[in-house]
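Below is the file work_24.txt, which contains compact mmCIF, C-alpha atoms and all ligand atoms.
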# COMPACT_ATOMS: atom_id res chain seq x y z
CA MET A 1420 -28.46 2.73 -10.94
CA LEU A 1421 -24.85 3.45 -10.11
CA THR A 1422 -25.50 7.16 -10.21
CA SER A 1423 -28.39 6.82 -7.82
CA THR A 1424 -26.31 4.72 -5.44
CA ILE A 1425 -23.55 7.27 -5.38
CA ALA A 1426 -26.02 10.10 -5.01
CA ALA A 1427 -27.34 8.32 -1.94
CA THR A 1428 -23.90 8.46 -0.34
CA PRO A 1429 -23.21 12.12 0.25
CA ARG A 1430 -20.37 11.40 2.63
CA LEU A 1431 -18.23 10.18 -0.23
CA LEU A 1432 -18.66 13.37 -2.13
CA LEU A 1433 -18.59 15.76 0.78
CA ARG A 1434 -15.41 14.55 2.36
CA THR A 1435 -12.82 17.09 3.28
CA PRO A 1436 -9.89 17.48 0.91
CA PRO A 1437 -6.86 15.29 1.65
CA GLN A 1438 -4.88 17.86 3.61
CA PRO A 1439 -3.52 16.12 6.66
CA THR A 1440 -0.55 13.89 6.17
CA HIS A 1441 -1.65 11.93 9.22
CA HIS A 1442 -4.55 10.50 7.26
CA ARG A 1443 -2.31 9.39 4.45
CA TYR A 1444 -0.09 7.55 6.83
CA ALA A 1445 -2.90 6.61 9.15
CA GLY A 1446 -1.94 2.97 9.28
CA LEU A 1447 1.15 3.88 11.15
CA ALA A 1448 -0.61 5.94 13.73
CA ALA A 1449 -2.13 2.63 14.78
CA PRO A 1450 -1.18 1.15 18.14
CA SER A 1451 2.01 -0.83 18.37
CA SER A 1452 0.24 -4.15 17.85
CA ALA A 1453 -0.94 -2.99 14.44
CA GLY A 1454 1.52 -3.83 11.74
CA GLY A 1455 3.79 -6.26 13.53
CA GLY A 1456 5.45 -4.79 16.59
CA LEU A 1457 5.61 -1.19 15.48
CA SER A 1458 6.58 1.46 17.95
CA SER A 1459 4.26 4.43 17.91
CA ALA A 1460 5.50 5.99 21.12
CA ALA A 1461 8.00 8.81 21.12
CA GLY A 1462 10.83 6.37 21.78
CA LEU A 1463 14.19 7.06 23.33
CA HIS A 1464 15.42 8.97 20.31
CA ARG A 1465 16.01 12.65 20.60
CA ARG A 1466 17.92 12.99 17.34
CA PRO A 1467 16.36 15.49 14.94
CA TRP A 1468 14.51 13.79 12.09
CA LEU A 1469 16.67 15.18 9.31
CA ALA A 1470 19.87 13.74 10.74
CA ARG A 1471 18.15 10.57 11.78
CA LEU A 1472 16.67 9.90 8.33
CA ARG A 1473 19.93 10.76 6.55
CA ARG A 1474 21.78 8.32 8.75
CA ALA A 1475 19.14 5.64 8.20
CA LEU A 1476 19.46 6.03 4.44
CA ALA A 1477 23.25 6.02 4.55
CA GLU A 1478 23.47 3.03 6.88
CA ASP A 1479 20.60 1.00 5.45
CA LEU A 1480 18.49 1.12 8.60
CA PHE A 1481 15.11 0.71 6.89
CA VAL A 1482 13.35 -2.62 6.66
CA LEU A 1483 10.32 -3.73 4.69
CA HIS A 1484 7.42 -5.76 5.99
CA TYR A 1485 5.06 -7.54 3.64
CA GLN A 1486 1.29 -7.81 3.94
CA PRO A 1487 -0.65 -10.30 1.80
CA ILE A 1488 -3.51 -9.36 -0.52
CA VAL A 1489 -5.78 -12.32 -1.01
CA SER A 1490 -8.47 -13.24 -3.52
CA LEU A 1491 -11.98 -13.29 -2.05
CA ARG A 1492 -12.98 -15.82 -4.68
CA ASP A 1493 -10.64 -18.67 -3.81
CA GLY A 1494 -8.45 -17.44 -0.94
CA SER A 1495 -5.26 -17.50 -3.01
CA VAL A 1496 -2.55 -14.85 -2.70
CA SER A 1497 -2.52 -12.18 -5.37
CA HIS A 1498 0.46 -10.18 -4.15
CA TYR A 1499 1.99 -8.47 -1.12
CA GLU A 1500 2.28 -4.80 -0.18
CA ALA A 1501 5.75 -3.72 0.98
CA LEU A 1502 5.53 -1.38 3.98
CA VAL A 1503 8.58 0.49 5.21
CA ARG A 1504 9.75 0.64 8.84
CA LEU A 1505 12.71 2.41 10.44
CA ALA A 1506 14.95 0.10 12.44
CA ASP A 1507 17.16 2.50 14.38
CA GLU A 1508 15.65 2.39 17.86
CA PRO A 1509 18.23 1.62 20.55
CA GLY A 1510 15.99 -1.12 21.90
CA GLY A 1511 15.63 -2.73 18.47
CA GLY A 1512 11.98 -1.69 17.97
CA LEU A 1513 10.62 -0.62 14.61
CA VAL A 1514 9.33 2.87 13.92
CA ALA A 1515 6.05 3.09 11.99
CA PRO A 1516 6.10 5.05 8.73
CA GLY A 1517 3.51 7.49 10.07
CA ARG A 1518 6.16 8.79 12.42
CA PHE A 1519 8.90 9.43 9.89
CA LEU A 1520 7.33 9.82 6.43
CA PRO A 1521 5.85 13.28 7.15
CA ALA A 1522 9.34 14.42 8.21
CA ALA A 1523 10.85 12.75 5.15
CA GLU A 1524 8.42 14.74 2.99
CA ARG A 1525 9.22 17.93 4.84
CA TYR A 1526 12.97 17.53 4.45
CA GLY A 1527 12.82 16.36 0.85
CA LEU A 1528 13.98 12.83 1.59
CA ILE A 1529 10.82 10.99 0.59
CA ARG A 1530 12.04 10.33 -2.94
CA GLU A 1531 15.21 8.75 -1.62
CA ILE A 1532 13.11 6.54 0.63
CA ASP A 1533 10.88 5.52 -2.28
CA ARG A 1534 13.96 4.68 -4.36
CA MET A 1535 15.42 2.68 -1.50
CA VAL A 1536 12.13 0.72 -1.21
CA LEU A 1537 12.15 0.13 -4.96
CA GLY A 1538 15.75 -1.12 -4.77
CA LYS A 1539 15.07 -3.50 -1.90
CA THR A 1540 11.93 -4.82 -3.57
CA ILE A 1541 13.61 -5.44 -6.90
CA ALA A 1542 16.53 -7.16 -5.14
CA LEU A 1543 14.07 -9.42 -3.39
CA LEU A 1544 12.16 -10.19 -6.58
CA ALA A 1545 15.45 -10.98 -8.29
CA ASP A 1546 16.56 -13.28 -5.50
CA ARG A 1547 15.85 -16.71 -6.87
CA SER A 1548 17.60 -18.58 -4.11
CA SER A 1549 15.29 -20.64 -2.02
CA THR A 1550 16.24 -21.07 1.57
CA ASP A 1551 14.47 -22.90 4.35
CA GLU A 1552 11.16 -21.93 6.02
CA HIS A 1553 12.49 -19.98 8.94
CA GLY A 1554 15.33 -17.97 7.53
CA ALA A 1555 13.58 -17.98 4.22
CA ARG A 1556 13.72 -15.24 1.67
CA GLY A 1557 11.59 -17.29 -0.72
CA ALA A 1558 10.47 -14.59 -3.12
CA HIS A 1559 10.44 -16.78 -6.19
CA GLY A 1560 7.63 -15.69 -8.50
CA VAL A 1561 5.90 -13.45 -5.95
CA ARG A 1562 4.35 -10.11 -6.81
CA ILE A 1563 4.97 -7.07 -4.63
CA ALA A 1564 3.31 -3.66 -4.50
CA ILE A 1565 5.29 -0.60 -3.44
CA ASN A 1566 3.90 2.78 -2.38
CA CYS A 1567 5.03 5.80 -4.34
CA SER A 1568 4.81 9.25 -2.82
CA SER A 1569 3.32 12.02 -4.93
CA LEU A 1570 6.74 13.68 -5.22
CA SER A 1571 8.24 10.55 -6.74
CA ILE A 1572 5.34 10.27 -9.13
CA THR A 1573 5.60 13.81 -10.38
CA ASP A 1574 9.36 14.42 -10.34
CA GLY A 1575 9.93 12.62 -13.59
CA GLY A 1576 12.85 10.43 -12.49
CA MET A 1577 11.05 7.55 -10.85
CA LEU A 1578 9.74 5.92 -14.01
CA ALA A 1579 13.23 5.66 -15.48
CA GLN A 1580 14.46 4.22 -12.18
CA VAL A 1581 11.77 1.56 -12.17
CA GLU A 1582 12.63 0.64 -15.75
CA ARG A 1583 16.36 0.50 -15.08
CA ALA A 1584 16.01 -1.47 -11.86
CA LEU A 1585 13.75 -4.08 -13.49
CA ALA A 1586 16.04 -4.45 -16.49
CA LEU A 1587 19.29 -4.67 -14.51
CA ALA A 1588 17.91 -7.31 -12.18
CA ARG A 1589 16.04 -9.07 -14.99
CA VAL A 1590 12.84 -9.08 -13.01
CA ASP A 1591 9.53 -9.71 -14.77
CA PRO A 1592 7.72 -6.32 -14.62
CA ALA A 1593 4.47 -8.19 -13.98
CA GLN A 1594 5.85 -8.92 -10.50
CA LEU A 1595 5.79 -5.25 -9.54
CA VAL A 1596 2.71 -3.22 -8.61
CA ILE A 1597 2.93 0.52 -7.98
CA GLU A 1598 0.49 2.05 -5.49
CA VAL A 1599 -0.41 5.66 -6.13
CA THR A 1600 -2.21 7.81 -3.58
CA GLU A 1601 -4.38 10.70 -4.59
CA THR A 1602 -2.25 13.27 -2.85
CA ALA A 1603 -0.50 14.62 -5.93
CA ALA A 1604 -2.11 17.96 -6.65
CA ILE A 1605 -4.74 17.94 -9.33
CA SER A 1606 -2.49 20.34 -11.22
CA ASP A 1607 0.04 17.54 -11.48
CA MET A 1608 -2.50 15.22 -13.04
CA ALA A 1609 -0.75 15.26 -16.39
CA ARG A 1610 2.50 14.09 -14.82
CA ALA A 1611 0.75 11.55 -12.63
CA ARG A 1612 -1.00 10.23 -15.70
CA ALA A 1613 2.25 9.99 -17.65
CA PHE A 1614 3.84 8.14 -14.75
CA CYS A 1615 0.99 5.61 -14.44
CA ALA A 1616 0.85 5.08 -18.20
CA GLY A 1617 4.63 4.63 -18.30
CA VAL A 1618 4.57 2.12 -15.46
CA GLN A 1619 1.86 0.15 -17.24
CA ALA A 1620 3.75 0.27 -20.51
CA LEU A 1621 6.66 -1.39 -18.72
CA GLY A 1622 4.32 -4.24 -17.78
CA CYS A 1623 3.78 -3.35 -14.09
CA ALA A 1624 0.33 -2.88 -12.58
CA VAL A 1625 -0.93 0.35 -10.98
CA ALA A 1626 -3.17 0.47 -7.90
CA LEU A 1627 -5.07 3.58 -6.78
CA ASP A 1628 -4.47 3.53 -3.02
CA ASP A 1629 -6.85 4.84 -0.32
CA PHE A 1630 -9.58 5.41 -2.88
CA GLY A 1631 -12.46 7.55 -1.66
CA ALA A 1632 -10.47 9.17 1.13
CA GLY A 1633 -10.13 12.51 -0.59
CA PHE A 1634 -12.02 14.99 -2.59
CA GLY A 1635 -10.13 14.28 -5.78
CA SER A 1636 -10.79 10.55 -6.00
CA PHE A 1637 -13.10 10.70 -8.98
CA GLN A 1638 -10.69 12.93 -10.87
CA TYR A 1639 -8.05 10.25 -10.44
CA LEU A 1640 -10.44 7.59 -11.55
CA LYS A 1641 -11.13 9.50 -14.69
CA HIS A 1642 -7.59 10.47 -15.60
CA LEU A 1643 -5.21 7.83 -14.32
CA PRO A 1644 -4.76 4.45 -15.94
CA PHE A 1645 -4.78 1.67 -13.32
CA GLN A 1646 -5.66 -1.99 -12.67
CA TYR A 1647 -6.58 -2.07 -8.98
CA LEU A 1648 -8.78 0.26 -6.99
CA LYS A 1649 -7.99 0.01 -3.27
CA ILE A 1650 -11.06 1.05 -1.29
CA ASP A 1651 -9.97 3.26 1.60
CA GLY A 1652 -9.94 1.48 4.95
CA ASP A 1653 -12.17 4.14 6.41
CA PHE A 1654 -15.11 2.62 4.50
CA ILE A 1655 -14.19 -0.92 5.53
CA ARG A 1656 -13.39 -0.74 9.23
CA GLY A 1657 -16.99 -0.28 10.41
CA LEU A 1658 -18.65 -1.97 7.44
CA PRO A 1659 -20.95 -4.44 9.26
CA THR A 1660 -22.60 -1.66 11.26
CA SER A 1661 -22.59 1.18 8.74
CA PRO A 1662 -25.29 1.12 6.05
CA GLN A 1663 -23.65 4.21 4.57
CA ASP A 1664 -20.28 2.50 4.14
CA GLN A 1665 -22.06 -0.53 2.70
CA LEU A 1666 -23.63 1.68 0.04
CA VAL A 1667 -20.29 3.26 -0.79
CA VAL A 1668 -18.49 -0.06 -1.08
CA LYS A 1669 -21.22 -1.55 -3.29
CA ALA A 1670 -21.17 1.54 -5.49
CA LEU A 1671 -17.38 1.42 -5.82
CA VAL A 1672 -17.47 -2.25 -6.79
CA GLU A 1673 -20.02 -1.49 -9.46
CA LEU A 1674 -18.02 1.48 -10.66
CA ALA A 1675 -14.75 -0.47 -10.84
CA ARG A 1676 -16.42 -3.40 -12.57
CA GLY A 1677 -17.99 -1.12 -15.13
CA MET A 1678 -14.50 0.17 -15.88
CA GLY A 1679 -13.04 -3.32 -16.06
CA LYS A 1680 -10.93 -2.79 -12.91
CA GLN A 1681 -10.44 -4.95 -9.83
CA THR A 1682 -11.12 -3.89 -6.25
CA ILE A 1683 -9.07 -4.42 -3.11
CA ALA A 1684 -10.55 -3.70 0.33
CA GLU A 1685 -8.04 -2.45 2.92
CA TYR A 1686 -8.32 -2.77 6.72
CA VAL A 1687 -10.30 -6.01 6.75
CA GLU A 1688 -10.22 -6.75 10.45
CA ASP A 1689 -12.86 -9.45 11.01
CA GLY A 1690 -14.67 -12.36 9.41
CA GLU A 1691 -18.01 -10.60 9.19
CA THR A 1692 -16.49 -7.82 7.09
CA LEU A 1693 -14.75 -10.41 4.91
CA GLU A 1694 -18.07 -12.15 4.20
CA LEU A 1695 -19.82 -8.88 3.37
CA LEU A 1696 -17.05 -7.91 0.97
CA ARG A 1697 -17.27 -11.28 -0.72
CA ALA A 1698 -21.05 -10.88 -1.08
CA TYR A 1699 -20.57 -7.43 -2.63
CA GLY A 1700 -18.18 -8.85 -5.19
CA VAL A 1701 -14.99 -7.15 -3.98
CA ASP A 1702 -12.10 -9.00 -5.64
CA TYR A 1703 -9.36 -8.93 -2.98
CA ALA A 1704 -8.94 -8.32 0.74
CA GLN A 1705 -6.03 -6.92 2.76
CA GLY A 1706 -6.06 -6.55 6.53
CA PHE A 1707 -5.32 -8.11 9.86
CA GLU A 1708 -8.06 -10.74 9.36
CA VAL A 1709 -6.22 -11.97 6.28
CA GLY A 1710 -2.63 -11.45 7.38
CA ARG A 1711 -0.56 -8.84 9.20
CA PRO A 1712 2.51 -7.21 7.70
CA HIS A 1713 5.49 -9.43 8.50
CA PRO A 1714 9.23 -9.51 7.90
CA LEU A 1715 10.94 -11.83 5.47
CA SER A 1716 11.49 -14.49 8.09
CA ARG A 1717 8.16 -15.80 6.84
CA ARG A 1718 8.12 -17.09 3.30
CA LEU A 1719 6.23 -15.08 0.72
CA VAL A 1720 3.67 -17.03 -1.30
CA ALA A 1721 3.60 -16.79 -5.09
CA PRO A 1722 0.33 -15.81 -6.85
CA GLY A 1723 -2.23 -18.60 -6.72
CA GLY A 1724 -0.75 -20.16 -3.57
CA VAL A 1725 -2.48 -20.07 -0.19
CA LEU A 1726 -1.25 -18.65 3.10
CA ASP A 1727 -0.20 -20.93 5.90
CA ARG A 1728 -2.79 -19.81 8.47
CA THR A 1729 -1.03 -21.63 11.29
CA ARG A 1730 1.76 -19.05 11.01
CA ALA A 1731 -0.48 -16.00 10.54
P1 LIG A 1801 -1.15 2.29 2.97
O1 LIG A 1801 -0.33 2.23 1.74
O2 LIG A 1801 -2.61 2.50 2.82
O3 LIG A 1801 -0.84 0.93 3.76
C1 LIG A 1801 -1.75 0.25 4.57
C2 LIG A 1801 -1.55 0.57 6.04
O4 LIG A 1801 -2.61 0.00 6.79
C3 LIG A 1801 -0.28 -0.05 6.63
O5 LIG A 1801 0.14 0.81 7.67
C4 LIG A 1801 -0.78 -1.35 7.26
O6 LIG A 1801 0.02 -1.84 8.28
C5 LIG A 1801 -2.12 -0.88 7.79
N1 LIG A 1801 -3.07 -1.96 7.90
C6 LIG A 1801 -3.22 -3.03 7.08
N2 LIG A 1801 -4.25 -3.81 7.45
C7 LIG A 1801 -4.79 -3.21 8.54
C8 LIG A 1801 -5.90 -3.53 9.41
O7 LIG A 1801 -6.61 -4.53 9.24
N3 LIG A 1801 -6.15 -2.65 10.43
C9 LIG A 1801 -5.37 -1.55 10.65
N4 LIG A 1801 -5.68 -0.77 11.69
N5 LIG A 1801 -4.33 -1.22 9.86
C10 LIG A 1801 -4.04 -2.04 8.82
P2 LIG A 1801 1.64 1.29 7.77
O8 LIG A 1801 2.61 0.20 7.41
O9 LIG A 1801 1.80 1.93 9.10
O10 LIG A 1801 1.74 2.35 6.60
C11 LIG A 1801 0.94 3.48 6.60
C12 LIG A 1801 1.10 4.30 5.35
O11 LIG A 1801 2.45 4.75 5.19
C13 LIG A 1801 0.79 3.52 4.10
O12 LIG A 1801 -0.59 3.43 3.93
C14 LIG A 1801 1.49 4.37 3.06
O13 LIG A 1801 0.71 5.50 2.73
C15 LIG A 1801 2.72 4.84 3.82
N6 LIG A 1801 3.84 3.96 3.47
C16 LIG A 1801 4.19 2.76 4.00
N7 LIG A 1801 5.29 2.28 3.38
C17 LIG A 1801 5.63 3.20 2.44
C18 LIG A 1801 6.71 3.28 1.47
O14 LIG A 1801 7.55 2.38 1.32
N8 LIG A 1801 6.76 4.42 0.68
C19 LIG A 1801 5.82 5.41 0.80
N9 LIG A 1801 5.93 6.46 -0.01
N10 LIG A 1801 4.79 5.35 1.69
C20 LIG A 1801 4.71 4.27 2.49
MG MG A 1802 -0.50 1.34 0.02
MG MG A 1803 -3.95 2.26 1.55

Translate this structure into structure tokens?
Amino acid sequence: MLTSTIAATPRLLLRTPPQPTHHRYAGLAAPSSAGGGLSSAAGLHRRPWLARLRRALAEDLFVLHYQPIVSLRDGSVSHYEALVRLADEPGGGLVAPGRFLPAAERYGLIREIDRMVLGKTIALLADRSSTDEHGARGAHGVRIAINCSSLSITDGGMLAQVERALALARVDPAQLVIEVTETAAISDMARARAFCAGVQALGCAVALDDFGAGFGSFQYLKHLPFQYLKIDGDFIRGLPTSPQDQLVVKALVELARGMGKQTIAEYVEDGETLELLRAYGVDYAQGFEVGRPHPLSRRLVAPGGVLDRTRA
């Protein structure tokens, strides 16, 4: 049944390999309204990226925004995804990751950025102070997912860093989710597998990000240990009007279920899509319909709690 459903969806299998970095960071190529006031224009900056990124790392000019991932069964929060932004624009605007992560990869700074995001996330998870609503940090008990670039996954050092950071800050590993994208070369599968298995052995969860976007998706499914399968937003955005995407999403739900994994749909932008996903049995939703990425001025909700929709 599953096989026949997948066979009926040639687009999934015939997609072009995941070459362009712009797809990987597609969210940030979105207009400035997408993702909470992000600047996607060229900006006033003329500084070359290498110097700019080095300065941002040295002077702590990156900020994280947090986007909720919510259960489609009861509407409760499962966890948040941390999304990095560069805060060095003269006018105070934020630069979307799609504008600087490709350069960070090119100049070999992506691992430093991933480590910085890990550090900030662990510090937040360790922060047990509870302040008031509007200046609130309020991370008590929350779970946060961070994105790991393929270089971090395969370079061998990241796993030890995750372990050390969790131990030093005495953070419950169950509060950390690591999102892995299928961009690591298939030849690095052994390392990617060791990384995912190591992360799970620590007690963290692994999510396969942007699933279905690339040619290698099913290889990853077969070889990498994980808990969450994040269905690529490309299948979700036009869901109500695309019978083909509907077939793919249903097939992926069946596939994940058969493997005992949970599904997360990205890019959920309207109520109709949300209802379809619920009917298909997708476990969690992430997208502007559920909640946009936001800074820490809004309190993060611990697992099982519900979002305050009046502040969405
Ligand atoms: P991703 O990990 O797939 O993250 C989801 C992206 O989709 C985010 O874009 C988010 O703002 C955007 N998004 C969420 N819901 C919707 C929606 O309903 N509609 C639309 N149009 N977009 C939505 P963002 O923050 O620009 O990030 C883009 C990509 O950059 C991420 O894709 C991830 O691959 C990468 N990235 C972001 N933060 C980090 C990080 O800390 N480290 C690494 N290595 N990569 C990161
Ligand atoms: Mg992600
Ligand atoms: Mg994604």

Self-check item: Distance query region 1471-1477 of chain A at most 12 Å, all atoms listed in the file, self and fewer than 6 positions along chain excluded, as an NGL selection string
Solution: :A and (1464-1465 or 1504-1508 or 1514 or 1516 or 1518-1536)

Practice problem: Collect all residues with atoms no farther than 8 Å from ligand MG 1802 (chain A), counting only C-alpha atoms and all ligand atoms, and output them as a list in words. | Solution: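 Counting only C-alpha atoms and all ligand atoms, the residues within 8 Å of ligand MG 1802 (chain A) come out as Glu1500, Leu1502, Ala1564, Ile1565, Asn1566, Glu1598, Val1599, Thr1600, Asp1628 and Asp1629 of chain A.
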
Quiz item: What is the distance between CA of Met1678 (chain A) and CA of Gly1690 (chain A), in Å to one decimal?
Solution: 28.2 Å

Quiz item: Within 12 Å of ligand MG 1803 (chain A), counting only C-alpha atoms and all ligand atoms: which residues, as a ChimeraX atom specification?
Solution: /A:1442-1447,1486,1488,1500-1502,1564-1567,1597-1602,1626-1632,1647-1655,1683-1687,1704-1706

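By chain and then residue number, the residues within 12 Å of Ala1588 (chain A) are Leu1537, Gly1538, Lys1539, Thr1540, Ile1541, Ala1542, Leu1543, Leu1544, Ala1545, Asp1546, Arg1547, Val1581, Glu1582, Arg1583, Ala1584, Leu1585, Asp1591 and Pro1592 of chain A, counting all atoms listed in the file and disregarding those fewer than 3 positions away in sequence.
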
Keeping C-alpha atoms for every residue in the selection just given, could you write it to a file as a PDB file, keeping the file's coordinate frame?
ATOM      1  CA  LEU A1537      12.150   0.130  -4.960  1.00  0.00           C
ATOM      2  CA  GLY A1538      15.750  -1.120  -4.770  1.00  0.00           C
ATOM      3  CA  LYS A1539      15.070  -3.500  -1.900  1.00  0.00           C
ATOM      4  CA  THR A1540      11.930  -4.820  -3.570  1.00  0.00           C
ATOM      5  CA  ILE A1541      13.610  -5.440  -6.900  1.00  0.00           C
ATOM      6  CA  ALA A1542      16.530  -7.160  -5.140  1.00  0.00           C
ATOM      7  CA  LEU A1543      14.070  -9.420  -3.390  1.00  0.00           C
ATOM      8  CA  LEU A1544      12.160 -10.190  -6.580  1.00  0.00           C
ATOM      9  CA  ALA A1545      15.450 -10.980  -8.290  1.00  0.00           C
ATOM     10  CA  ASP A1546      16.560 -13.280  -5.500  1.00  0.00           C
ATOM     11  CA  ARG A1547      15.850 -16.710  -6.870  1.00  0.00           C
ATOM     12  CA  VAL A1581      11.770   1.560 -12.170  1.00  0.00           C
ATOM     13  CA  GLU A1582      12.630   0.640 -15.750  1.00  0.00           C
ATOM     14  CA  ARG A1583      16.360   0.500 -15.080  1.00  0.00           C
ATOM     15  CA  ALA A1584      16.010  -1.470 -11.860  1.00  0.00           C
ATOM     16  CA  LEU A1585      13.750  -4.080 -13.490  1.00  0.00           C
ATOM     17  CA  ASP A1591       9.530  -9.710 -14.770  1.00  0.00           C
ATOM     18  CA  PRO A1592       7.720  -6.320 -14.620  1.00  0.00           C
TER      19      PRO A1592
END

Quiz item: Which one is closest to ligand LIG 1801 (chain A): A:Val1596, A:Val1503, A:Met1577, A:Met1608? Count only C-alpha atoms and all ligand atoms.
Solution: A:Val1503

Quiz item: Out of A:Arg1610, A:His1484, A:His1498, A:His1559, which residue has the shortest atom-to-atom distance to ligand LIG 1801 (chain A) when counting all atoms listed in the file?
Solution: A:His1484
